[in-house]
file protein-v9.txt (compact mmCIF, N, CA and C atoms)
# COMPACT_ATOMS: atom_id res chain seq x y z
N GLN A 1 64.17 29.12 109.11
CA GLN A 1 64.73 28.01 109.86
C GLN A 1 63.70 26.89 109.95
N VAL A 2 64.11 25.69 109.59
CA VAL A 2 63.23 24.54 109.64
C VAL A 2 63.63 23.67 110.82
N GLN A 3 62.65 23.27 111.59
CA GLN A 3 62.93 22.38 112.72
C GLN A 3 62.40 20.99 112.44
N LEU A 4 63.18 20.02 112.86
CA LEU A 4 62.81 18.61 112.69
C LEU A 4 62.84 17.94 114.06
N VAL A 5 61.80 17.20 114.36
CA VAL A 5 61.72 16.51 115.64
C VAL A 5 61.41 15.04 115.39
N GLU A 6 62.38 14.19 115.74
CA GLU A 6 62.19 12.76 115.58
C GLU A 6 61.54 12.17 116.82
N SER A 7 60.82 11.08 116.63
CA SER A 7 60.22 10.35 117.75
C SER A 7 60.02 8.90 117.33
N GLY A 8 59.75 8.05 118.32
CA GLY A 8 59.43 6.66 118.02
C GLY A 8 60.53 5.66 118.36
N GLY A 9 61.69 6.15 118.77
CA GLY A 9 62.75 5.24 119.12
C GLY A 9 62.47 4.53 120.44
N GLY A 10 63.32 3.56 120.76
CA GLY A 10 63.15 2.85 122.01
C GLY A 10 63.97 1.58 122.06
N LEU A 11 63.72 0.80 123.09
CA LEU A 11 64.42 -0.47 123.28
C LEU A 11 63.49 -1.60 122.83
N VAL A 12 63.97 -2.38 121.88
CA VAL A 12 63.18 -3.50 121.37
C VAL A 12 64.06 -4.74 121.28
N ARG A 13 63.44 -5.86 120.97
CA ARG A 13 64.17 -7.10 120.83
C ARG A 13 64.38 -7.44 119.36
N THR A 14 65.30 -8.31 119.11
CA THR A 14 65.56 -8.78 117.74
C THR A 14 64.26 -9.31 117.14
N GLY A 15 64.00 -8.86 115.91
CA GLY A 15 62.81 -9.29 115.22
C GLY A 15 61.61 -8.38 115.37
N ASP A 16 61.68 -7.45 116.31
CA ASP A 16 60.58 -6.51 116.54
C ASP A 16 60.54 -5.43 115.45
N SER A 17 59.49 -4.63 115.53
CA SER A 17 59.31 -3.52 114.60
C SER A 17 59.18 -2.21 115.35
N LEU A 18 59.55 -1.14 114.69
CA LEU A 18 59.37 0.22 115.20
C LEU A 18 59.03 1.12 114.02
N ARG A 19 58.29 2.18 114.31
CA ARG A 19 58.07 3.21 113.30
C ARG A 19 58.56 4.54 113.85
N LEU A 20 59.51 5.11 113.17
CA LEU A 20 60.02 6.42 113.54
C LEU A 20 59.25 7.50 112.78
N SER A 21 59.10 8.63 113.43
CA SER A 21 58.45 9.79 112.81
C SER A 21 59.36 10.99 112.90
N CYS A 22 59.27 11.83 111.91
CA CYS A 22 60.03 13.08 111.90
C CYS A 22 59.05 14.19 111.53
N ALA A 23 58.71 15.01 112.50
CA ALA A 23 57.81 16.13 112.27
C ALA A 23 58.62 17.33 111.78
N VAL A 24 58.21 17.88 110.64
CA VAL A 24 58.94 18.98 110.02
C VAL A 24 58.12 20.25 110.16
N SER A 25 58.78 21.36 110.51
CA SER A 25 58.06 22.61 110.78
C SER A 25 57.71 23.38 109.51
N ALA A 26 58.10 22.87 108.36
CA ALA A 26 57.77 23.50 107.08
C ALA A 26 57.00 22.50 106.22
N SER A 27 56.37 23.03 105.20
CA SER A 27 55.66 22.16 104.27
C SER A 27 56.65 21.28 103.52
N ILE A 28 56.38 19.99 103.49
CA ILE A 28 57.29 19.07 102.80
C ILE A 28 56.77 18.69 101.42
N PHE A 29 55.67 19.31 101.03
CA PHE A 29 55.03 18.93 99.77
C PHE A 29 55.97 19.01 98.59
N ARG A 30 56.78 20.07 98.55
CA ARG A 30 57.69 20.24 97.41
C ARG A 30 59.14 19.92 97.74
N ILE A 31 59.37 19.31 98.90
CA ILE A 31 60.74 18.93 99.25
C ILE A 31 61.07 17.61 98.59
N ASN A 32 62.10 17.61 97.78
CA ASN A 32 62.49 16.40 97.05
C ASN A 32 63.51 15.55 97.80
N THR A 33 64.37 16.21 98.56
CA THR A 33 65.45 15.49 99.20
C THR A 33 65.27 15.47 100.71
N MET A 34 64.98 14.31 101.24
CA MET A 34 64.90 14.14 102.69
C MET A 34 65.04 12.66 102.98
N GLY A 35 65.49 12.38 104.19
CA GLY A 35 65.71 10.98 104.49
C GLY A 35 66.09 10.74 105.93
N TRP A 36 66.40 9.49 106.19
CA TRP A 36 66.80 9.02 107.51
C TRP A 36 68.25 8.55 107.47
N TYR A 37 68.99 8.94 108.49
CA TYR A 37 70.36 8.53 108.67
C TYR A 37 70.49 7.91 110.05
N ARG A 38 71.56 7.20 110.27
CA ARG A 38 71.81 6.67 111.60
C ARG A 38 73.30 6.70 111.91
N GLN A 39 73.58 6.76 113.20
CA GLN A 39 74.97 6.75 113.66
C GLN A 39 75.07 5.84 114.86
N ALA A 40 75.82 4.77 114.67
CA ALA A 40 76.08 3.83 115.75
C ALA A 40 77.31 4.29 116.52
N PRO A 41 77.47 3.85 117.76
CA PRO A 41 78.64 4.25 118.55
C PRO A 41 79.94 3.91 117.83
N GLY A 42 80.80 4.90 117.73
CA GLY A 42 82.10 4.69 117.11
C GLY A 42 82.10 4.62 115.60
N LYS A 43 80.95 4.88 114.99
CA LYS A 43 80.86 4.79 113.53
C LYS A 43 80.40 6.12 112.95
N GLN A 44 80.60 6.26 111.65
CA GLN A 44 80.16 7.47 110.97
C GLN A 44 78.65 7.41 110.70
N ARG A 45 78.08 8.57 110.55
CA ARG A 45 76.67 8.65 110.20
C ARG A 45 76.49 8.12 108.78
N GLU A 46 75.43 7.32 108.59
CA GLU A 46 75.21 6.72 107.28
C GLU A 46 73.75 6.87 106.86
N LEU A 47 73.54 6.91 105.56
CA LEU A 47 72.19 6.97 105.03
C LEU A 47 71.50 5.63 105.25
N VAL A 48 70.28 5.69 105.75
CA VAL A 48 69.46 4.49 105.88
C VAL A 48 68.46 4.41 104.74
N ALA A 49 67.72 5.49 104.56
CA ALA A 49 66.69 5.52 103.51
C ALA A 49 66.41 6.98 103.17
N GLY A 50 66.11 7.24 101.92
CA GLY A 50 65.86 8.62 101.54
C GLY A 50 65.00 8.76 100.31
N PHE A 51 64.37 9.94 100.22
CA PHE A 51 63.68 10.35 99.01
C PHE A 51 64.62 11.23 98.21
N THR A 52 64.69 10.97 96.93
CA THR A 52 65.45 11.83 96.03
C THR A 52 64.56 12.13 94.83
N SER A 53 64.63 13.33 94.35
CA SER A 53 63.84 13.74 93.19
C SER A 53 62.37 13.39 93.34
N GLY A 54 61.81 13.75 94.51
CA GLY A 54 60.39 13.56 94.70
C GLY A 54 60.04 12.21 95.28
N SER A 55 59.51 11.31 94.46
CA SER A 55 59.03 10.03 94.98
C SER A 55 60.03 8.89 94.88
N ASN A 56 61.17 9.15 94.25
CA ASN A 56 62.18 8.10 94.17
C ASN A 56 62.80 7.85 95.54
N THR A 57 63.04 6.59 95.85
CA THR A 57 63.63 6.24 97.14
C THR A 57 64.90 5.42 96.96
N ASN A 58 65.77 5.51 97.95
CA ASN A 58 66.93 4.64 97.97
C ASN A 58 67.17 4.17 99.40
N TYR A 59 67.76 3.01 99.52
CA TYR A 59 67.97 2.37 100.81
C TYR A 59 69.39 1.84 100.91
N ALA A 60 69.89 1.83 102.14
CA ALA A 60 71.15 1.14 102.39
C ALA A 60 70.94 -0.35 102.16
N ASP A 61 71.95 -1.01 101.64
CA ASP A 61 71.82 -2.44 101.37
C ASP A 61 71.45 -3.22 102.63
N SER A 62 71.94 -2.77 103.76
CA SER A 62 71.72 -3.50 105.01
C SER A 62 70.28 -3.47 105.48
N VAL A 63 69.45 -2.56 104.93
CA VAL A 63 68.07 -2.47 105.39
C VAL A 63 67.05 -2.77 104.31
N LYS A 64 67.51 -3.01 103.10
CA LYS A 64 66.58 -3.30 102.00
C LYS A 64 65.72 -4.51 102.34
N GLY A 65 64.43 -4.36 102.09
CA GLY A 65 63.49 -5.44 102.37
C GLY A 65 62.99 -5.45 103.81
N ARG A 66 63.61 -4.67 104.68
CA ARG A 66 63.18 -4.61 106.09
C ARG A 66 62.63 -3.24 106.47
N PHE A 67 63.18 -2.20 105.92
CA PHE A 67 62.78 -0.83 106.26
C PHE A 67 62.01 -0.20 105.10
N GLY A 68 61.10 0.71 105.44
CA GLY A 68 60.37 1.43 104.42
C GLY A 68 60.22 2.89 104.81
N ILE A 69 60.55 3.79 103.89
CA ILE A 69 60.40 5.21 104.13
C ILE A 69 59.11 5.69 103.47
N SER A 70 58.43 6.60 104.16
CA SER A 70 57.20 7.15 103.60
C SER A 70 57.03 8.58 104.11
N ARG A 71 56.08 9.28 103.53
CA ARG A 71 55.86 10.67 103.89
C ARG A 71 54.38 10.99 103.88
N ASP A 72 53.99 11.88 104.77
CA ASP A 72 52.63 12.39 104.80
C ASP A 72 52.73 13.89 104.54
N ASN A 73 52.47 14.27 103.31
CA ASN A 73 52.65 15.69 102.94
C ASN A 73 51.61 16.59 103.63
N ALA A 74 50.46 16.04 103.97
CA ALA A 74 49.44 16.85 104.63
C ALA A 74 49.83 17.17 106.06
N LYS A 75 50.49 16.22 106.71
CA LYS A 75 50.89 16.42 108.11
C LYS A 75 52.34 16.86 108.26
N ASN A 76 53.08 16.92 107.15
CA ASN A 76 54.50 17.30 107.18
C ASN A 76 55.30 16.36 108.07
N ILE A 77 55.12 15.07 107.86
CA ILE A 77 55.81 14.06 108.66
C ILE A 77 56.48 13.06 107.73
N LEU A 78 57.69 12.73 108.09
CA LEU A 78 58.47 11.70 107.41
C LEU A 78 58.52 10.49 108.33
N TYR A 79 58.32 9.31 107.75
CA TYR A 79 58.30 8.09 108.56
C TYR A 79 59.39 7.12 108.12
N LEU A 80 59.76 6.27 109.07
CA LEU A 80 60.63 5.14 108.75
C LEU A 80 60.06 3.92 109.47
N GLN A 81 59.52 3.01 108.70
CA GLN A 81 59.02 1.75 109.26
C GLN A 81 60.17 0.76 109.26
N MET A 82 60.47 0.23 110.44
CA MET A 82 61.59 -0.69 110.59
C MET A 82 61.06 -2.03 111.08
N ASN A 83 61.25 -3.05 110.26
CA ASN A 83 60.81 -4.39 110.60
C ASN A 83 62.00 -5.33 110.73
N SER A 84 61.77 -6.45 111.37
CA SER A 84 62.82 -7.46 111.54
C SER A 84 64.11 -6.84 112.05
N LEU A 85 64.00 -6.09 113.10
CA LEU A 85 65.16 -5.36 113.62
C LEU A 85 66.23 -6.30 114.13
N LYS A 86 67.48 -5.87 113.95
CA LYS A 86 68.64 -6.65 114.35
C LYS A 86 69.49 -5.82 115.32
N PRO A 87 70.31 -6.47 116.12
CA PRO A 87 71.17 -5.70 117.03
C PRO A 87 72.04 -4.68 116.29
N GLU A 88 72.45 -5.00 115.08
CA GLU A 88 73.29 -4.07 114.31
C GLU A 88 72.53 -2.84 113.83
N ASP A 89 71.22 -2.81 114.03
CA ASP A 89 70.45 -1.61 113.71
C ASP A 89 70.48 -0.60 114.86
N THR A 90 71.08 -0.98 115.96
CA THR A 90 71.18 -0.08 117.11
C THR A 90 71.97 1.17 116.73
N ALA A 91 71.35 2.32 116.94
CA ALA A 91 71.98 3.59 116.56
C ALA A 91 71.05 4.74 116.95
N VAL A 92 71.58 5.93 116.85
CA VAL A 92 70.74 7.12 116.91
C VAL A 92 70.30 7.41 115.47
N TYR A 93 69.02 7.57 115.28
CA TYR A 93 68.45 7.80 113.96
C TYR A 93 68.08 9.28 113.82
N TYR A 94 68.53 9.86 112.72
CA TYR A 94 68.31 11.27 112.44
C TYR A 94 67.54 11.44 111.14
N CYS A 95 66.69 12.44 111.08
CA CYS A 95 66.10 12.78 109.80
C CYS A 95 66.77 14.05 109.28
N LYS A 96 66.80 14.14 107.97
CA LYS A 96 67.45 15.26 107.29
C LYS A 96 66.54 15.75 106.18
N VAL A 97 66.49 17.06 106.05
CA VAL A 97 65.69 17.69 105.01
C VAL A 97 66.55 18.74 104.31
N VAL A 98 66.46 18.78 103.01
CA VAL A 98 67.09 19.86 102.24
C VAL A 98 65.98 20.76 101.73
N HIS A 99 65.97 22.00 102.23
CA HIS A 99 64.87 22.92 101.96
C HIS A 99 65.44 24.24 101.46
N TRP A 100 65.11 24.59 100.21
CA TRP A 100 65.62 25.81 99.60
C TRP A 100 67.14 25.90 99.69
N GLY A 101 67.78 24.76 99.46
CA GLY A 101 69.24 24.70 99.40
C GLY A 101 69.93 24.56 100.73
N ALA A 102 69.19 24.64 101.81
CA ALA A 102 69.79 24.51 103.14
C ALA A 102 69.47 23.13 103.72
N THR A 103 70.41 22.59 104.46
CA THR A 103 70.25 21.26 105.04
C THR A 103 69.93 21.37 106.52
N TYR A 104 68.92 20.65 106.93
CA TYR A 104 68.49 20.66 108.32
C TYR A 104 68.48 19.25 108.87
N TRP A 105 68.88 19.15 110.14
CA TRP A 105 68.90 17.86 110.83
C TRP A 105 68.08 17.94 112.11
N GLY A 106 67.50 16.81 112.46
CA GLY A 106 66.88 16.71 113.77
C GLY A 106 67.92 16.31 114.80
N LYS A 107 67.50 16.21 116.06
CA LYS A 107 68.44 15.88 117.12
C LYS A 107 68.59 14.38 117.31
N GLY A 108 67.73 13.61 116.67
CA GLY A 108 67.88 12.17 116.69
C GLY A 108 67.01 11.47 117.72
N THR A 109 66.77 10.19 117.46
CA THR A 109 66.06 9.34 118.40
C THR A 109 66.80 8.00 118.47
N LEU A 110 66.97 7.51 119.67
CA LEU A 110 67.79 6.32 119.90
C LEU A 110 66.97 5.05 119.72
N VAL A 111 67.52 4.15 118.92
CA VAL A 111 66.95 2.82 118.73
C VAL A 111 67.96 1.81 119.25
N THR A 112 67.52 0.99 120.18
CA THR A 112 68.38 -0.05 120.74
C THR A 112 67.71 -1.39 120.54
N VAL A 113 68.42 -2.30 119.88
CA VAL A 113 67.88 -3.63 119.61
C VAL A 113 68.68 -4.64 120.39
N SER A 114 68.03 -5.33 121.30
CA SER A 114 68.72 -6.32 122.11
C SER A 114 68.63 -7.69 121.44
N SER A 115 69.65 -8.50 121.71
CA SER A 115 69.71 -9.83 121.08
C SER A 115 69.02 -10.86 121.95

call {"tool": "encode", "arguments": {"input": "protein-v9.txt", "output": "structure tokens"}}
result
Amino acid sequence: QVQLVESGGGLVRTGDSLRLSCAVSASIFRINTMGWYRQAPGKQRELVAGFTSGSNTNYADSVKGRFGISRDNAKNILYLQMNSLKPEDTAVYYCKVVHWGATYWGKGTLVTVSS
């Protein structure tokens, strides 16, 4: 069983930055598929940014150029740097890891962007 714990969310203003962290209880060195998702009130969960096939990354169009995903394999932490935040970025942010064919989710961290 792999546990994921997100942190770093909070209340910020438009244009501010936040860095989210996701601490993973297993080694992420060989994990190819992991990423960040978000779910806004009344909406479906959507991919924000992810690693696929190792170092390849993909981003939602709405966050390209503003968000950056990174990983620290030594510390087993996944990060999401969020810059130029907008009110529409308000959501609960979740990290997801696929480990040995099983999918694991964290409980999420709330990001609220005020206008």

call {"tool": "closest_residue", "arguments": {"input": "protein-v9.txt", "among": "A:Asn73, A:Ser7, A:Ser114, A:Asn32", "to": "Asn56 in chain A", "atoms": "only N, CA and C atoms"}}
result
A:Asn32

call {"tool": "atom_distance", "arguments": {"input": "protein-v9.txt", "atom1": "CA of Val12 in chain A", "atom2": "CA of Thr57 in chain A"}}
result
26.1 Å

call {"tool": "residues_around", "arguments": {"input": "protein-v9.txt", "residues": "range 101-110 of chain A", "least_positions_apart": "2", "cutoff": "6 Å", "atoms": "all atoms listed in the file", "output": "ChimeraX atom specification"}}
result
/A:4-7,9-10,91-99,112

call {"tool": "atom_distance", "arguments": {"input": "protein-v9.txt", "atom1": "CA of Asp61 in chain A", "atom2": "CA of Gly15 in chain A"}}
result
17.9 Å

call {"tool": "atom_distance", "arguments": {"input": "protein-v9.txt", "atom1": "CA of Ser53 in chain A", "atom2": "CA of Ser84 in chain A"}}
result
28.1 Å

call {"tool": "select_by_dssp", "arguments": {"input": "protein-v9.txt", "residues": "chain A", "states": "strand (DSSP E or B)", "output": "short mmCIF file (atom, residue, chain, number, x, y, z; two decimals) with N, CA and C atoms, keeping the file's coordinate frame"}}
result
data_model
loop_
_atom_site.label_atom_id
_atom_site.label_comp_id
_atom_site.auth_asym_id
_atom_site.auth_seq_id
_atom_site.Cartn_x
_atom_site.Cartn_y
_atom_site.Cartn_z
N LEU A 4 63.18 20.02 112.86
CA LEU A 4 62.81 18.61 112.69
C LEU A 4 62.84 17.94 114.06
N VAL A 5 61.80 17.20 114.36
CA VAL A 5 61.72 16.51 115.64
C VAL A 5 61.41 15.04 115.39
N GLU A 6 62.38 14.19 115.74
CA GLU A 6 62.19 12.76 115.58
C GLU A 6 61.54 12.17 116.82
N SER A 7 60.82 11.08 116.63
CA SER A 7 60.22 10.35 117.75
C SER A 7 60.02 8.90 117.33
N GLY A 10 63.32 3.56 120.76
CA GLY A 10 63.15 2.85 122.01
C GLY A 10 63.97 1.58 122.06
N LEU A 11 63.72 0.80 123.09
CA LEU A 11 64.42 -0.47 123.28
C LEU A 11 63.49 -1.60 122.83
N VAL A 12 63.97 -2.38 121.88
CA VAL A 12 63.18 -3.50 121.37
C VAL A 12 64.06 -4.74 121.28
N ARG A 13 63.44 -5.86 120.97
CA ARG A 13 64.17 -7.10 120.83
C ARG A 13 64.38 -7.44 119.36
N LEU A 18 59.55 -1.14 114.69
CA LEU A 18 59.37 0.22 115.20
C LEU A 18 59.03 1.12 114.02
N ARG A 19 58.29 2.18 114.31
CA ARG A 19 58.07 3.21 113.30
C ARG A 19 58.56 4.54 113.85
N LEU A 20 59.51 5.11 113.17
CA LEU A 20 60.02 6.42 113.54
C LEU A 20 59.25 7.50 112.78
N SER A 21 59.10 8.63 113.43
CA SER A 21 58.45 9.79 112.81
C SER A 21 59.36 10.99 112.90
N CYS A 22 59.27 11.83 111.91
CA CYS A 22 60.03 13.08 111.90
C CYS A 22 59.05 14.19 111.53
N ALA A 23 58.71 15.01 112.50
CA ALA A 23 57.81 16.13 112.27
C ALA A 23 58.62 17.33 111.78
N VAL A 24 58.21 17.88 110.64
CA VAL A 24 58.94 18.98 110.02
C VAL A 24 58.12 20.25 110.16
N MET A 34 64.98 14.31 101.24
CA MET A 34 64.90 14.14 102.69
C MET A 34 65.04 12.66 102.98
N GLY A 35 65.49 12.38 104.19
CA GLY A 35 65.71 10.98 104.49
C GLY A 35 66.09 10.74 105.93
N TRP A 36 66.40 9.49 106.19
CA TRP A 36 66.80 9.02 107.51
C TRP A 36 68.25 8.55 107.47
N TYR A 37 68.99 8.94 108.49
CA TYR A 37 70.36 8.53 108.67
C TYR A 37 70.49 7.91 110.05
N ARG A 38 71.56 7.20 110.27
CA ARG A 38 71.81 6.67 111.60
C ARG A 38 73.30 6.70 111.91
N GLN A 39 73.58 6.76 113.20
CA GLN A 39 74.97 6.75 113.66
C GLN A 39 75.07 5.84 114.86
N GLU A 46 75.43 7.32 108.59
CA GLU A 46 75.21 6.72 107.28
C GLU A 46 73.75 6.87 106.86
N LEU A 47 73.54 6.91 105.56
CA LEU A 47 72.19 6.97 105.03
C LEU A 47 71.50 5.63 105.25
N VAL A 48 70.28 5.69 105.75
CA VAL A 48 69.46 4.49 105.88
C VAL A 48 68.46 4.41 104.74
N ALA A 49 67.72 5.49 104.56
CA ALA A 49 66.69 5.52 103.51
C ALA A 49 66.41 6.98 103.17
N GLY A 50 66.11 7.24 101.92
CA GLY A 50 65.86 8.62 101.54
C GLY A 50 65.00 8.76 100.31
N PHE A 51 64.37 9.94 100.22
CA PHE A 51 63.68 10.35 99.01
C PHE A 51 64.62 11.23 98.21
N THR A 52 64.69 10.97 96.93
CA THR A 52 65.45 11.83 96.03
C THR A 52 64.56 12.13 94.83
N ASN A 56 61.17 9.15 94.25
CA ASN A 56 62.18 8.10 94.17
C ASN A 56 62.80 7.85 95.54
N THR A 57 63.04 6.59 95.85
CA THR A 57 63.63 6.24 97.14
C THR A 57 64.90 5.42 96.96
N ASN A 58 65.77 5.51 97.95
CA ASN A 58 66.93 4.64 97.97
C ASN A 58 67.17 4.17 99.40
N TYR A 59 67.76 3.01 99.52
CA TYR A 59 67.97 2.37 100.81
C TYR A 59 69.39 1.84 100.91
N PHE A 67 63.18 -2.20 105.92
CA PHE A 67 62.78 -0.83 106.26
C PHE A 67 62.01 -0.20 105.10
N GLY A 68 61.10 0.71 105.44
CA GLY A 68 60.37 1.43 104.42
C GLY A 68 60.22 2.89 104.81
N ILE A 69 60.55 3.79 103.89
CA ILE A 69 60.40 5.21 104.13
C ILE A 69 59.11 5.69 103.47
N SER A 70 58.43 6.60 104.16
CA SER A 70 57.20 7.15 103.60
C SER A 70 57.03 8.58 104.11
N ARG A 71 56.08 9.28 103.53
CA ARG A 71 55.86 10.67 103.89
C ARG A 71 54.38 10.99 103.88
N ASP A 72 53.99 11.88 104.77
CA ASP A 72 52.63 12.39 104.80
C ASP A 72 52.73 13.89 104.54
N ILE A 77 55.12 15.07 107.86
CA ILE A 77 55.81 14.06 108.66
C ILE A 77 56.48 13.06 107.73
N LEU A 78 57.69 12.73 108.09
CA LEU A 78 58.47 11.70 107.41
C LEU A 78 58.52 10.49 108.33
N TYR A 79 58.32 9.31 107.75
CA TYR A 79 58.30 8.09 108.56
C TYR A 79 59.39 7.12 108.12
N LEU A 80 59.76 6.27 109.07
CA LEU A 80 60.63 5.14 108.75
C LEU A 80 60.06 3.92 109.47
N GLN A 81 59.52 3.01 108.70
CA GLN A 81 59.02 1.75 109.26
C GLN A 81 60.17 0.76 109.26
N MET A 82 60.47 0.23 110.44
CA MET A 82 61.59 -0.69 110.59
C MET A 82 61.06 -2.03 111.08
N ALA A 91 71.35 2.32 116.94
CA ALA A 91 71.98 3.59 116.56
C ALA A 91 71.05 4.74 116.95
N VAL A 92 71.58 5.93 116.85
CA VAL A 92 70.74 7.12 116.91
C VAL A 92 70.30 7.41 115.47
N TYR A 93 69.02 7.57 115.28
CA TYR A 93 68.45 7.80 113.96
C TYR A 93 68.08 9.28 113.82
N TYR A 94 68.53 9.86 112.72
CA TYR A 94 68.31 11.27 112.44
C TYR A 94 67.54 11.44 111.14
N CYS A 95 66.69 12.44 111.08
CA CYS A 95 66.10 12.78 109.80
C CYS A 95 66.77 14.05 109.28
N LYS A 96 66.80 14.14 107.97
CA LYS A 96 67.45 15.26 107.29
C LYS A 96 66.54 15.75 106.18
N VAL A 97 66.49 17.06 106.05
CA VAL A 97 65.69 17.69 105.01
C VAL A 97 66.55 18.74 104.31
N VAL A 98 66.46 18.78 103.01
CA VAL A 98 67.09 19.86 102.24
C VAL A 98 65.98 20.76 101.73
N HIS A 99 65.97 22.00 102.23
CA HIS A 99 64.87 22.92 101.96
C HIS A 99 65.44 24.24 101.46
N ALA A 102 69.19 24.64 101.81
CA ALA A 102 69.79 24.51 103.14
C ALA A 102 69.47 23.13 103.72
N THR A 103 70.41 22.59 104.46
CA THR A 103 70.25 21.26 105.04
C THR A 103 69.93 21.37 106.52
N TYR A 104 68.92 20.65 106.93
CA TYR A 104 68.49 20.66 108.32
C TYR A 104 68.48 19.25 108.87
N TRP A 105 68.88 19.15 110.14
CA TRP A 105 68.90 17.86 110.83
C TRP A 105 68.08 17.94 112.11
N THR A 109 66.77 10.19 117.46
CA THR A 109 66.06 9.34 118.40
C THR A 109 66.80 8.00 118.47
N LEU A 110 66.97 7.51 119.67
CA LEU A 110 67.79 6.32 119.90
C LEU A 110 66.97 5.05 119.72
N VAL A 111 67.52 4.15 118.92
CA VAL A 111 66.95 2.82 118.73
C VAL A 111 67.96 1.81 119.25
N THR A 112 67.52 0.99 120.18
CA THR A 112 68.38 -0.05 120.74
C THR A 112 67.71 -1.39 120.54
N VAL A 113 68.42 -2.30 119.88
CA VAL A 113 67.88 -3.63 119.61
C VAL A 113 68.68 -4.64 120.39
N SER A 114 68.03 -5.33 121.30
CA SER A 114 68.72 -6.32 122.11
C SER A 114 68.63 -7.69 121.44
#

call {"tool": "axis_aligned_box", "arguments": {"input": "protein-v9.txt", "around": "range 47-56 of chain A", "padding_each_side": "5 Å", "output": "lines of an AutoDock Vina configuration file"}}
result
center_x = 66.3
center_y = 9.1
center_z = 99.5
size_x = 24.5
size_y = 19.3
size_z = 22.7

call {"tool": "closest_residue", "arguments": {"input": "protein-v9.txt", "among": "A:Lys64, A:Arg45, A:Arg71, A:Lys86", "to": "Phe29 in chain A", "atoms": "only C-alpha atoms"}}
result
A:Arg71

call {"tool": "residues_around", "arguments": {"input": "protein-v9.txt", "residues": "Ser27 in chain A", "least_positions_apart": "2", "cutoff": "8 Å", "atoms": "all atoms listed in the file", "output": "NGL selection string"}}
result
:A and (24-25 or 29-31 or 73-77)

call {"tool": "closest_residue", "arguments": {"input": "protein-v9.txt", "among": "A:Ile28, A:Leu78, A:Val113, A:Ile69", "to": "Trp100 in chain A", "atoms": "only C-alpha atoms"}}
result
A:Ile28

call {"tool": "residues_near_point", "arguments": {"input": "protein-v9.txt", "point": "(56.7, 8.4, 116.9)", "cutoff": "5 Å", "atoms": "all atoms listed in the file", "output": "list in words"}}
result
Ser7, Gly8, Leu20 and Ser21 of chain A
